[in-house]
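S.K.: Here it is, the structure in full.
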Amino acid sequence: MPSVVDDDWSDSDDEIGSEVETAVLLGIPDGVVETETDIKDAAVSRIGGHPAMLPSREPPFSSSQCKICSYPMELLVQVWCPVEDSPMDRALYIWGCSQSACQRKDGSVRAWRALRYNVEYASKLAKKLAKKQAQQKVSPVKTASTTNPFSMQAKFTPGPFGLGDHVFGQPAPTGAAPANEDEPEDISDTESVTSESSAHSLITAMASTTIDDSPWRAAPSFSPLYLSTTSEYLPPPPKTKISQSAHIEDPADDDSKAGKDVSWAFEPYENSLEVDGVFDRFTKRVSNTGEQCLRYELKGIPLPFSSDKVFDRLFPVPPQDPLPVTKAAFKVVPAVRRSYSTASIPPCPACKAARVFECQLMPNLINVLRASIKDEDTQKLTDEQRMKVVQEVLQKKATSDKRGMEWGTCMIFSCEKDCCLDDHSGDKECWREEFVLVQWDD
């Protein structure tokens, strides 16, 4: 008999206790984007809307076309996600096709990574690294950090997963840090504020010049919503208190005492209930913050939606030793735990480096996009048209428009080296398609 495969697979929260923030950043909707400045700003993360392009050269419009029907797709999310200690401005763009005939097919969800060299920030970064190296020579003793590197209110300090403090386009903290009494004030702090402000203005102006009067403006789109970020928090499990005087009775005990067969008590759990442990774990994890539309954890571990081929691909069953067939060599084999692996993910086609998990779209994103369409359509209807729609629904005459997305989650895997290899612009900017794995909602 083969050994049992334990579905309690390894996840990034296995070593995390209760009442703590995880390394995952959650993207949640935060109101309609109304100002034209924010719409054209590539540093403003969003749900829906038109893309604010980061590269100076406008990317080909075919980047948004579905590989199944060849029609342009709607932008699902745009994420501003610069990597820590990198001179490159960085953003992710994810499109999805809502045609029913394209669902459950590869190519109906596409993701692109955009990079652009930031000259001013590169100069600031060089000064910062030089200052850090000088401090290490003087005082090599390291002190423990008291800030949370994943908190959006934290200072610009290196994090273990390479995330900066401007992920999702959050504004930088305005409060100044207390000066060190033993060290004179450095003018680089003032220069950093000016540099970030200049870089932000540059990105806005750049986006304004790349998308106006282009096919991107005519592309189908959802209503744009701000995508804000918050840290994921895992609350402690509820504790059930049982009174000491309480007496728990098991009907199986009475039957066994009477000499009856008690196997019936366990059959329903094996025969009548078909529970997907992976989906159950997904649901419990997401229920802590139900409004999440995006999970971001660069070089982290994705949260699988269900037990399907994608789950087996990312969490394969480890190889096992062959079991003995003779009774003399009989032995008890412990349950085998699955572990996360990206061995099946194709490498970056440009630099041949491995790809790592970066983010995943969540089911609530579909609800948010669907609601934005309904709100927009309702505002365009007159009172007479609304009454007609209600009558058609009551009379069951309303027909389906055969549109809608059916995925459970979309996982994005990007180049581990965040390479910027472009034949036209050298290493200054690039527009690269990344790998997407989709788990469909059955």
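Scheme for the structure tokens: letters A, B, ... for chains in order shown; per-chain residue numbers from 1; ligand numbers from 1 in order shown.
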Could you give me the residues within region 22-155 of chain A that DSSP places in helix (DSSP H, G or I), as a VMD selection string?

M.R.: chain A and resid 36 to 39 61 to 64 100 to 102 119 to 138

S.K.: I'd like the neighbourhood of region 109-111 of chain A as a ChimeraX atom specification, where a residue qualifies if any of its atoms comes within 9 Å (using only C-alpha atoms), though same-chain residues fewer than 3 positions away should be ignored.

M.R.: /A:63-67,73,92-97,105-106,410,412,432-438

S.K.: Which residues are near Gly408 (chain A)? Cut-off 8 Å, only C-alpha atoms, ignore same chain within fewer than 3 positions. Put them as an MDAnalysis selection string.

M.R.: chainID A and resid 305 362:363 438:441

S.K.: Considering only C-alpha atoms, give me a table of residues in region 85-142 of chain A that are at most 9 Å from region 414-421 of chain A, with the closest atom pair and distance in Å for each, as a Markdown table.

M.R.:
```
| residue | atom | partner | partner_atom | distance |
| --- | --- | --- | --- | --- |
| A:Trp112 | CA | A:Ser414 | CA | 9.0 |
| A:Arg113 | CA | A:Ser414 | CA | 7.8 |
| A:Ala114 | CA | A:Cys420 | CA | 9.0 |
| A:Leu115 | CA | A:Cys420 | CA | 6.9 |
| A:Arg116 | CA | A:Cys420 | CA | 8.6 |
```

S.K.: Hey, what does DSSP flag as strand (DSSP E or B) within region 16-103 of chain A? Can you give it to me as a VMD selection string?

M.R.: chain A and resid 20 to 32 46 to 47 65 72 74 to 80 83 88 to 96 99

S.K.: Mind giving me the straight-line distance from CA of Cys359 (chain A) to CA of Ser70 (chain A) in Å, one decimal?

M.R.: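 Result for CA of Cys359 (chain A) versus CA of Ser70 (chain A): 25.3 Å, one decimal.
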
S.K.: Which of these residues is nearest to Thr289 (chain A), using only C-alpha atoms: A:Pro235, A:Gly404, A:Pro87, A:Pro220?

M.R.: A:Pro235

S.K.: Counting only C-alpha atoms, which residues of region 49-148 of chain A sit at most 12 Å from some atom of region 366-373 of chain A, and what is each one's closest atom pair with its distance in Å to one decimal, listed by chain and rising residue number, as a tab-separated table?

M.R.:
```
residue	atom	partner	partner_atom	distance
A:Gly49	CA	A:Leu369	CA	10.3
A:Glu74	CA	A:Leu369	CA	10.3
A:Leu75	CA	A:Leu369	CA	10.4
A:Leu76	CA	A:Leu369	CA	8.2
A:Val77	CA	A:Leu369	CA	10.3
A:Gly96	CA	A:Ile366	CA	10.5
A:Cys97	CA	A:Ile366	CA	11.7
A:Ser98	CA	A:Ile366	CA	10.1
```

S.K.: Selection from above, N, CA and C atoms, as a PDB file, in the first residue's frame, can you write it?

M.R.:
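Result saved to again-v4.pdb:
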```pdb
ATOM      1  N   GLY A  49      -9.520  50.600 -15.618  1.00  0.00           N
ATOM      2  CA  GLY A  49      -9.054  51.816 -16.269  1.00  0.00           C
ATOM      3  C   GLY A  49      -8.118  51.521 -17.427  1.00  0.00           C
ATOM      4  N   GLU A  74      -9.349  43.837 -21.363  1.00  0.00           N
ATOM      5  CA  GLU A  74      -9.424  44.907 -20.372  1.00  0.00           C
ATOM      6  C   GLU A  74      -8.269  44.788 -19.381  1.00  0.00           C
ATOM      7  N   LEU A  75      -7.755  45.935 -18.943  1.00  0.00           N
ATOM      8  CA  LEU A  75      -6.735  45.952 -17.901  1.00  0.00           C
ATOM      9  C   LEU A  75      -7.386  45.567 -16.569  1.00  0.00           C
ATOM     10  N   LEU A  76      -6.854  44.536 -15.935  1.00  0.00           N
ATOM     11  CA  LEU A  76      -7.389  44.111 -14.642  1.00  0.00           C
ATOM     12  C   LEU A  76      -6.765  44.905 -13.504  1.00  0.00           C
ATOM     13  N   VAL A  77      -5.435  44.929 -13.444  1.00  0.00           N
ATOM     14  CA  VAL A  77      -4.738  45.721 -12.429  1.00  0.00           C
ATOM     15  C   VAL A  77      -3.432  46.258 -13.009  1.00  0.00           C
ATOM     16  N   GLY A  96      -6.920  40.742 -18.790  1.00  0.00           N
ATOM     17  CA  GLY A  96      -7.712  39.525 -18.813  1.00  0.00           C
ATOM     18  C   GLY A  96      -8.851  39.625 -19.805  1.00  0.00           C
ATOM     19  N   CYS A  97      -9.140  38.527 -20.491  1.00  0.00           N
ATOM     20  CA  CYS A  97     -10.235  38.493 -21.463  1.00  0.00           C
ATOM     21  C   CYS A  97     -11.510  38.042 -20.767  1.00  0.00           C
ATOM     22  N   SER A  98     -12.603  38.733 -21.056  1.00  0.00           N
ATOM     23  CA  SER A  98     -13.886  38.401 -20.436  1.00  0.00           C
ATOM     24  C   SER A  98     -14.822  37.664 -21.383  1.00  0.00           C
TER      25      SER A  98
END
```

S.K.: Quick one: pull the distance between CA of Ala134 (chain A) and CA of Asp89 (chain A), Å, one decimal.

M.R.: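 Taking CA of Ala134 (chain A) as the start and CA of Asp89 (chain A) as the end point, the length is 26.5 Å.
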
S.K.: Between A:Lys352, A:Asn364, A:Val83, A:Leu303, which is the closest to Tyr340 (chain A) once you count only C-alpha atoms?

M.R.: A:Leu303

S.K.: May I have the residues within 9 Å of Gly31 (chain A) as a compact mmCIF listing (two decimals) with N, CA, C and O atoms, in the first residue's frame, using only C-alpha atoms and disregarding those fewer than 6 positions away in the same chain?

M.R.:
```txt
# COMPACT_ATOMS: atom_id res chain seq x y z
N PRO A 224 -11.90 52.91 -13.52
CA PRO A 224 -10.67 52.84 -12.73
C PRO A 224 -10.92 53.04 -11.24
O PRO A 224 -11.67 53.93 -10.83
N LEU A 225 -10.30 52.19 -10.42
CA LEU A 225 -10.38 52.28 -8.97
C LEU A 225 -8.97 52.29 -8.40
O LEU A 225 -8.07 51.63 -8.93
N TYR A 226 -8.79 53.03 -7.31
CA TYR A 226 -7.50 53.01 -6.63
C TYR A 226 -7.26 51.63 -6.02
O TYR A 226 -8.19 50.98 -5.52
N LEU A 227 -6.01 51.19 -6.07
CA LEU A 227 -5.61 49.93 -5.44
C LEU A 227 -4.68 50.27 -4.28
O LEU A 227 -3.50 50.59 -4.49
```

S.K.: Between A:Cys351, A:Ala335, A:Ile28, A:Ala130, which one has atoms that come closest to Glu291 (chain A), using only C-alpha atoms?

M.R.: A:Ile28

S.K.: Quick one: pull the distance between CA of Ser287 (chain A) and CA of Glu232 (chain A), Å, one decimal.

M.R.: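 Taking CA of Ser287 (chain A) and CA of Glu232 (chain A), their separation equals 11.2 Å.
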